[in-house]
file input_29.txt (compact mmCIF, C-alpha atoms)
# COMPACT_ATOMS: atom_id res chain seq x y z
CA MET W 144 165.50 39.74 97.03
CA ASN W 145 164.04 42.06 94.41
CA ILE W 146 166.42 42.87 91.52
CA THR W 147 165.95 45.79 89.13
CA ILE W 148 168.26 46.81 86.29
CA ARG W 149 167.83 50.03 84.35
CA GLY W 150 169.74 52.69 82.48
CA TYR W 151 171.03 55.80 84.21
CA ASN W 152 169.40 59.16 83.66
CA PRO W 153 170.49 62.56 85.05
CA THR W 154 167.99 62.43 87.91
CA ASP W 155 170.08 59.50 89.25
CA ARG W 156 173.19 61.64 89.76
CA GLN W 157 173.00 61.65 93.57
CA LEU W 158 172.66 57.85 93.55
CA ILE W 159 175.88 57.68 91.53
CA GLU W 160 177.67 60.11 93.86
CA ASP W 161 176.65 58.11 96.94
CA PHE W 162 177.70 54.88 95.21
CA ARG W 163 181.01 56.45 94.15
CA GLU W 164 181.80 57.35 97.77
CA LYS W 165 181.09 53.79 98.89
CA THR W 166 183.47 52.42 96.23
CA PHE W 167 186.24 54.71 97.47
CA VAL W 168 185.79 53.36 101.00
CA GLU W 169 186.18 49.86 99.50
CA GLY W 170 189.45 50.89 97.83
CA ASN W 171 188.23 51.21 94.23
CA ASP W 172 189.46 54.28 92.35
CA SER W 173 187.94 53.51 88.93
CA LEU W 174 184.97 55.80 89.52
CA THR W 175 186.79 59.05 90.27
CA VAL W 176 185.24 62.16 88.75
CA LYS W 177 188.25 62.43 86.43
CA LYS W 178 187.67 58.89 85.10
CA TYR W 179 183.87 58.73 85.11
CA ASP W 180 181.13 61.28 84.58
CA PRO W 181 177.79 59.57 83.83
CA ASP W 182 176.45 62.77 82.27
CA ASN W 183 179.37 63.17 79.89
CA LEU W 184 180.12 59.95 78.06
CA ILE W 185 179.32 58.38 74.74
CA GLY W 186 177.62 55.42 76.30
CA GLN W 187 175.25 54.25 78.99
CA THR W 188 175.54 53.43 82.67
CA PHE W 189 173.42 50.56 83.92
CA LEU W 190 172.23 50.52 87.51
CA PHE W 191 171.67 47.26 89.39
CA PHE W 192 169.39 47.51 92.41
CA ILE W 193 168.72 44.97 95.12
CA ASP W 194 165.63 45.86 97.12
CA ASP W 195 165.90 49.50 95.97
CA ASP W 196 169.59 49.78 97.02
CA LEU W 197 172.10 50.57 94.27
CA ALA W 198 174.36 47.52 94.53
CA SER W 199 176.31 47.68 91.27
CA ILE W 200 176.94 49.68 88.13
CA SER W 201 178.31 48.85 84.71
CA VAL W 202 179.15 51.23 81.89
CA VAL W 203 179.23 50.49 78.18
CA GLU W 204 180.76 53.23 76.08
CA SER W 205 182.36 54.01 72.77
CA SER W 206 185.94 52.81 72.62
CA ILE W 207 187.12 55.84 70.67
CA LYS W 208 189.18 57.24 73.55
CA TYR W 209 190.78 53.85 74.21
CA THR W 210 191.33 52.28 70.78
CA GLN W 211 190.70 55.17 68.35
CA GLU W 212 187.66 53.35 66.94
CA ASP W 213 184.13 54.66 66.91
CA ASN W 214 182.61 51.30 65.97
CA THR W 215 183.60 49.30 69.06
CA ALA W 216 182.24 49.54 72.60
CA ARG W 217 183.92 48.80 75.91
CA ILE W 218 182.23 47.49 79.05
CA CYS W 219 183.98 49.20 81.95
CA ARG W 220 183.60 50.86 85.35
CA TYR W 221 181.94 47.72 86.66
CA HIS W 222 181.76 47.67 90.44
CA ILE W 223 179.64 45.78 92.91
CA LEU W 224 179.60 46.82 96.54
CA LYS W 225 181.17 44.20 98.80
CA GLN W 226 177.99 43.54 100.75
CA TYR W 227 176.30 42.44 97.51
CA ARG W 228 179.06 40.28 96.05
CA HIS W 229 178.00 36.91 94.64
CA CYS W 230 174.57 38.14 93.42
CA ASN W 231 175.80 37.80 89.82
CA ALA W 232 175.22 41.45 88.93
CA GLY W 233 177.79 41.37 86.12
CA PHE W 234 176.19 38.36 84.47
CA ARG W 235 172.76 39.94 84.84
CA MET W 236 173.81 43.31 83.36
CA LEU W 237 175.68 41.78 80.41
CA PRO W 238 172.60 41.53 78.14
CA TYR W 239 171.84 45.21 78.82
CA ASN W 240 175.39 46.19 77.82
CA VAL W 241 175.33 44.08 74.67
CA ASN W 242 171.84 45.24 73.65
CA TRP W 243 172.89 48.88 74.06
CA ALA W 244 175.90 48.26 71.78
CA ILE W 245 173.73 46.52 69.17
CA GLU W 246 171.10 49.29 69.27
CA ASN W 247 173.86 51.86 68.76
CA ASN W 248 175.38 50.03 65.77
CA TYR W 249 178.66 48.92 67.31
CA LYS W 250 180.48 46.11 65.52
CA LEU W 251 182.25 44.64 68.56
CA ILE W 252 181.97 44.85 72.34
CA TYR W 253 184.71 44.01 74.82
CA TRP W 254 185.85 44.21 78.41
CA THR W 255 189.32 44.04 79.90
CA HIS W 256 190.70 42.68 83.15
CA ASN W 257 194.01 42.90 85.00
CA VAL W 258 196.33 40.06 83.97
CA ASN W 259 197.33 39.57 87.61
CA ASN W 260 193.84 38.55 88.73
CA ARG W 261 194.16 34.87 87.93
CA ALA W 262 190.85 33.79 89.49
CA LEU W 263 188.63 36.16 87.50
CA ASN W 264 190.61 35.65 84.30
CA ALA W 265 190.11 31.89 84.65
CA MET W 266 186.36 32.57 84.81
CA TYR W 267 186.41 34.91 81.83
CA GLN W 268 188.45 32.34 79.87
CA HIS W 269 185.75 29.76 80.65
CA LYS W 270 188.21 27.60 82.62
CA ARG W 271 186.61 28.08 86.05
CA ARG W 272 183.05 28.21 87.36
CA MET W 273 181.52 29.23 90.63
CA PRO W 274 179.61 26.47 92.41
CA ASN W 275 175.82 26.63 92.10
CA LYS W 276 175.98 29.29 89.36
CA GLN W 277 175.92 27.03 86.30
CA GLU W 278 173.11 28.88 84.53
CA PHE W 279 175.27 32.01 84.34
CA PHE W 280 178.40 30.21 83.16
CA ASP W 281 176.41 28.24 80.57
CA ASP W 282 174.65 31.32 79.19
CA PRO W 283 175.36 31.54 75.44
CA LEU W 284 175.86 35.31 75.60
CA TYR W 285 178.51 35.04 78.31
CA LYS W 286 180.19 32.14 76.53
CA SER W 287 180.32 34.15 73.28
CA PHE W 288 182.94 36.49 74.77
CA GLU W 289 186.39 35.19 73.93
CA MET W 290 189.83 36.16 75.12
CA HIS W 291 192.04 37.73 72.45
CA PRO W 292 195.41 36.27 73.46
CA ASN W 293 197.39 38.54 71.15
CA LEU W 294 195.96 41.77 72.61
CA ARG W 295 196.67 43.60 75.85
CA PHE W 296 194.94 46.73 77.10
CA VAL W 297 197.53 48.94 78.82
CA THR W 298 196.74 51.93 81.02
CA GLY W 299 199.52 53.34 83.17
CA ASP W 300 201.22 50.43 84.90
CA VAL W 301 198.23 48.09 84.52
CA THR W 302 198.14 45.47 81.77
CA GLN W 303 194.82 43.76 81.06
CA TYR W 304 193.59 40.81 79.05
CA VAL W 305 190.92 41.51 76.43
CA TYR W 306 187.59 39.63 76.16
CA ALA W 307 185.45 40.45 73.13
CA LYS W 308 182.36 39.52 71.17
CA LYS W 309 181.83 40.42 67.54
CA LEU W 310 178.41 41.89 66.91
CA ASP W 311 179.08 41.97 63.16
CA PRO W 312 180.63 38.66 62.01
CA ASP W 313 182.38 40.38 59.08
CA PHE W 314 184.09 42.97 61.25
CA VAL W 315 187.90 42.92 61.25
CA TRP W 316 189.22 44.33 64.51
CA THR W 317 192.43 46.38 64.35
CA PRO W 318 192.48 48.43 67.56
CA LYS W 319 195.12 51.05 68.31
CA GLY W 320 195.67 53.43 71.21
CA LYS W 321 195.75 51.67 74.57
CA MET W 322 195.39 48.28 72.88
CA ILE W 323 198.76 46.62 72.25
CA ASN W 324 199.25 43.68 69.91
CA ASN W 325 201.27 41.27 72.01
CA LEU W 326 202.51 39.12 69.10

call {"tool": "encode", "arguments": {"input": "input_29.txt", "output": "structure tokens"}}
result
Amino acid sequence: MNITIRGYNPTDRQLIEDFREKTFVEGNDSLTVKKYDPDNLIGQTFLFFIDDDLASISVVESSIKYTQEDNTARICRYHILKQYRHCNAGFRMLPYNVNWAIENNYKLIYWTHNVNNRALNAMYQHKRRMPNKQEFFDDPLYKSFEMHPNLRFVTGDVTQYVYAKKLDPDFVWTPKGKMINNL
């Protein structure tokens, strides 16, 4: 299995469109044209290939439209096609997302996940591990993301937990917008 990870560029648009269609067949609506345009975002899409097949994407973008802050970045639009599940694409793309945020002077980077998905939230809260994947769960970068128990990210009828990493240790995070302080 040959794995390649790289940033999106406009010549990749048809790859994204083909990938988008496959995600719809799998029941994912997070990549609709209304929600995601790789050529029109303040951020970067990362492409994860297995043997030259686009298996997964992850986007890191400015959080301004979500939390009214231009100094935080959100990891979102992550999807891995079902046939490639368990190849650890998310773990493998995480350094690319974080490095992009650092290179673009963001103070904090975060992702969110539906509160109803107990299994994945247990993983993100470092309470559960997948067998035979210890190197990913023990990775210091992954472990540096912490749940913010007082925050919830709310879009429509979906409430999500928030997992964040400070890139600037002196940064004080006071998000607004879709981020609700639960205390």

call {"tool": "closest_residue", "arguments": {"input": "input_29.txt", "among": "W:Asp311, W:Asn325, W:Trp243, W:His222", "to": "Gly170 (chain W)", "atoms": "all atoms listed in the file"}}
result
W:His222

call {"tool": "residues_around", "arguments": {"input": "input_29.txt", "residues": "Ser199 (chain W)", "least_positions_apart": "4", "cutoff": "9 Å", "atoms": "all atoms listed in the file", "output": "mmCIF file with C-alpha atoms, in the frame of the given file"}}
result
data_model
loop_
_atom_site.group_PDB
_atom_site.id
_atom_site.type_symbol
_atom_site.label_atom_id
_atom_site.label_comp_id
_atom_site.auth_asym_id
_atom_site.auth_seq_id
_atom_site.Cartn_x
_atom_site.Cartn_y
_atom_site.Cartn_z
ATOM 1 C CA PHE W 162 177.700 54.880 95.210
ATOM 2 C CA PHE W 189 173.420 50.560 83.920
ATOM 3 C CA LEU W 190 172.230 50.520 87.510
ATOM 4 C CA PHE W 191 171.670 47.260 89.390
ATOM 5 C CA PHE W 192 169.390 47.510 92.410
ATOM 6 C CA ILE W 193 168.720 44.970 95.120
ATOM 7 C CA TYR W 221 181.940 47.720 86.660
ATOM 8 C CA HIS W 222 181.760 47.670 90.440
ATOM 9 C CA ILE W 223 179.640 45.780 92.910
ATOM 10 C CA LEU W 224 179.600 46.820 96.540
ATOM 11 C CA TYR W 227 176.300 42.440 97.510
ATOM 12 C CA ALA W 232 175.220 41.450 88.930
ATOM 13 C CA GLY W 233 177.790 41.370 86.120
#

call {"tool": "axis_aligned_box", "arguments": {"input": "input_29.txt", "around": "region 222-227 of chain W", "padding_each_side": "8 Å", "output": "JSON"}}
result
{"center_x": 179.0, "center_y": 45.1, "center_z": 95.6, "size_x": 21.5, "size_y": 21.2, "size_z": 26.3}

call {"tool": "atom_distance", "arguments": {"input": "input_29.txt", "atom1": "CA of Gln187 (chain W)", "atom2": "CA of Asn248 (chain W)"}}
result
13.9 Å

call {"tool": "closest_residue", "arguments": {"input": "input_29.txt", "among": "W:Leu158, W:Ile252, W:Glu169, W:Tyr306", "to": "Glu289 (chain W)", "atoms": "only C-alpha atoms"}}
result
W:Tyr306

call {"tool": "closest_residue", "arguments": {"input": "input_29.txt", "among": "W:Leu251, W:Asn260, W:Val202, W:Gln277", "to": "Tyr151 (chain W)", "atoms": "all atoms listed in the file"}}
result
W:Val202

call {"tool": "residues_around", "arguments": {"input": "input_29.txt", "residues": "region 207-216 of chain W", "least_positions_apart": "3", "cutoff": "7 Å", "atoms": "all atoms listed in the file", "output": "PDB file with C-alpha atoms, keeping the file's coordinate frame"}}
result
ATOM      1  CA  VAL W 203     179.230  50.490  78.180  1.00  0.00           C
ATOM      2  CA  GLU W 204     180.760  53.230  76.080  1.00  0.00           C
ATOM      3  CA  ALA W 244     175.900  48.260  71.780  1.00  0.00           C
ATOM      4  CA  TYR W 249     178.660  48.920  67.310  1.00  0.00           C
ATOM      5  CA  LYS W 250     180.480  46.110  65.520  1.00  0.00           C
ATOM      6  CA  LEU W 251     182.250  44.640  68.560  1.00  0.00           C
ATOM      7  CA  ILE W 252     181.970  44.850  72.340  1.00  0.00           C
ATOM      8  CA  TYR W 253     184.710  44.010  74.820  1.00  0.00           C
ATOM      9  CA  PRO W 318     192.480  48.430  67.560  1.00  0.00           C
ATOM     10  CA  LYS W 319     195.120  51.050  68.310  1.00  0.00           C
ATOM     11  CA  GLY W 320     195.670  53.430  71.210  1.00  0.00           C
ATOM     12  CA  LYS W 321     195.750  51.670  74.570  1.00  0.00           C
ATOM     13  CA  MET W 322     195.390  48.280  72.880  1.00  0.00           C
TER      14      MET W 322
END

call {"tool": "build_atoms", "arguments": {"input": "input_29.txt", "residues": "region 170-196 of chain W", "atoms": "N, CA and C atoms", "output": "short mmCIF file (atom, residue, chain, number, x, y, z; two decimals), keeping the file's coordinate frame"}}
result
data_model
loop_
_atom_site.label_atom_id
_atom_site.label_comp_id
_atom_site.auth_asym_id
_atom_site.auth_seq_id
_atom_site.Cartn_x
_atom_site.Cartn_y
_atom_site.Cartn_z
N GLY W 170 188.13 50.91 98.46
CA GLY W 170 189.45 50.89 97.83
C GLY W 170 189.46 50.91 96.31
N ASN W 171 188.32 51.17 95.69
CA ASN W 171 188.23 51.21 94.23
C ASN W 171 188.37 52.66 93.77
N ASP W 172 189.30 52.92 92.85
CA ASP W 172 189.46 54.28 92.35
C ASP W 172 189.02 54.43 90.89
N SER W 173 188.32 53.45 90.35
CA SER W 173 187.94 53.51 88.93
C SER W 173 186.76 54.42 88.67
N LEU W 174 186.13 54.93 89.71
CA LEU W 174 184.97 55.80 89.52
C LEU W 174 185.23 57.25 89.93
N THR W 175 186.50 57.66 89.95
CA THR W 175 186.79 59.05 90.27
C THR W 175 186.12 59.96 89.25
N VAL W 176 185.89 61.19 89.65
CA VAL W 176 185.24 62.16 88.75
C VAL W 176 186.06 62.33 87.48
N LYS W 177 187.38 62.29 87.60
CA LYS W 177 188.25 62.43 86.43
C LYS W 177 188.05 61.27 85.44
N LYS W 178 187.81 60.07 85.96
CA LYS W 178 187.67 58.89 85.10
C LYS W 178 186.24 58.63 84.64
N TYR W 179 185.26 59.11 85.41
CA TYR W 179 183.87 58.73 85.11
C TYR W 179 182.90 59.85 85.44
N ASP W 180 182.22 60.31 84.42
CA ASP W 180 181.13 61.28 84.58
C ASP W 180 179.93 60.71 83.81
N PRO W 181 178.91 60.22 84.51
CA PRO W 181 177.79 59.57 83.83
C PRO W 181 177.01 60.50 82.91
N ASP W 182 177.16 61.81 83.11
CA ASP W 182 176.45 62.77 82.27
C ASP W 182 177.27 63.23 81.07
N ASN W 183 178.49 62.73 80.96
CA ASN W 183 179.37 63.17 79.89
C ASN W 183 180.16 62.00 79.32
N LEU W 184 179.45 61.06 78.71
CA LEU W 184 180.12 59.95 78.06
C LEU W 184 179.31 59.53 76.85
N ILE W 185 180.01 58.93 75.92
CA ILE W 185 179.32 58.38 74.74
C ILE W 185 179.03 56.93 75.11
N GLY W 186 177.94 56.75 75.81
CA GLY W 186 177.62 55.42 76.30
C GLY W 186 176.45 55.45 77.26
N GLN W 187 176.37 54.40 78.05
CA GLN W 187 175.25 54.25 78.99
C GLN W 187 175.75 53.57 80.26
N THR W 188 175.31 54.08 81.39
CA THR W 188 175.54 53.43 82.67
C THR W 188 174.31 52.62 83.02
N PHE W 189 174.53 51.39 83.45
CA PHE W 189 173.42 50.56 83.92
C PHE W 189 173.51 50.42 85.42
N LEU W 190 172.35 50.56 86.06
CA LEU W 190 172.23 50.52 87.51
C LEU W 190 171.57 49.21 87.91
N PHE W 191 172.15 48.56 88.90
CA PHE W 191 171.67 47.26 89.39
C PHE W 191 171.23 47.46 90.84
N PHE W 192 169.96 47.31 91.07
CA PHE W 192 169.39 47.51 92.41
C PHE W 192 169.00 46.18 93.03
N ILE W 193 169.25 46.07 94.31
CA ILE W 193 168.72 44.97 95.12
C ILE W 193 167.86 45.61 96.19
N ASP W 194 166.58 45.29 96.16
CA ASP W 194 165.63 45.86 97.12
C ASP W 194 165.78 47.38 97.22
N ASP W 195 165.82 48.04 96.08
CA ASP W 195 165.90 49.50 95.97
C ASP W 195 167.24 50.10 96.38
N ASP W 196 168.25 49.28 96.72
CA ASP W 196 169.59 49.78 97.02
C ASP W 196 170.46 49.61 95.77
#
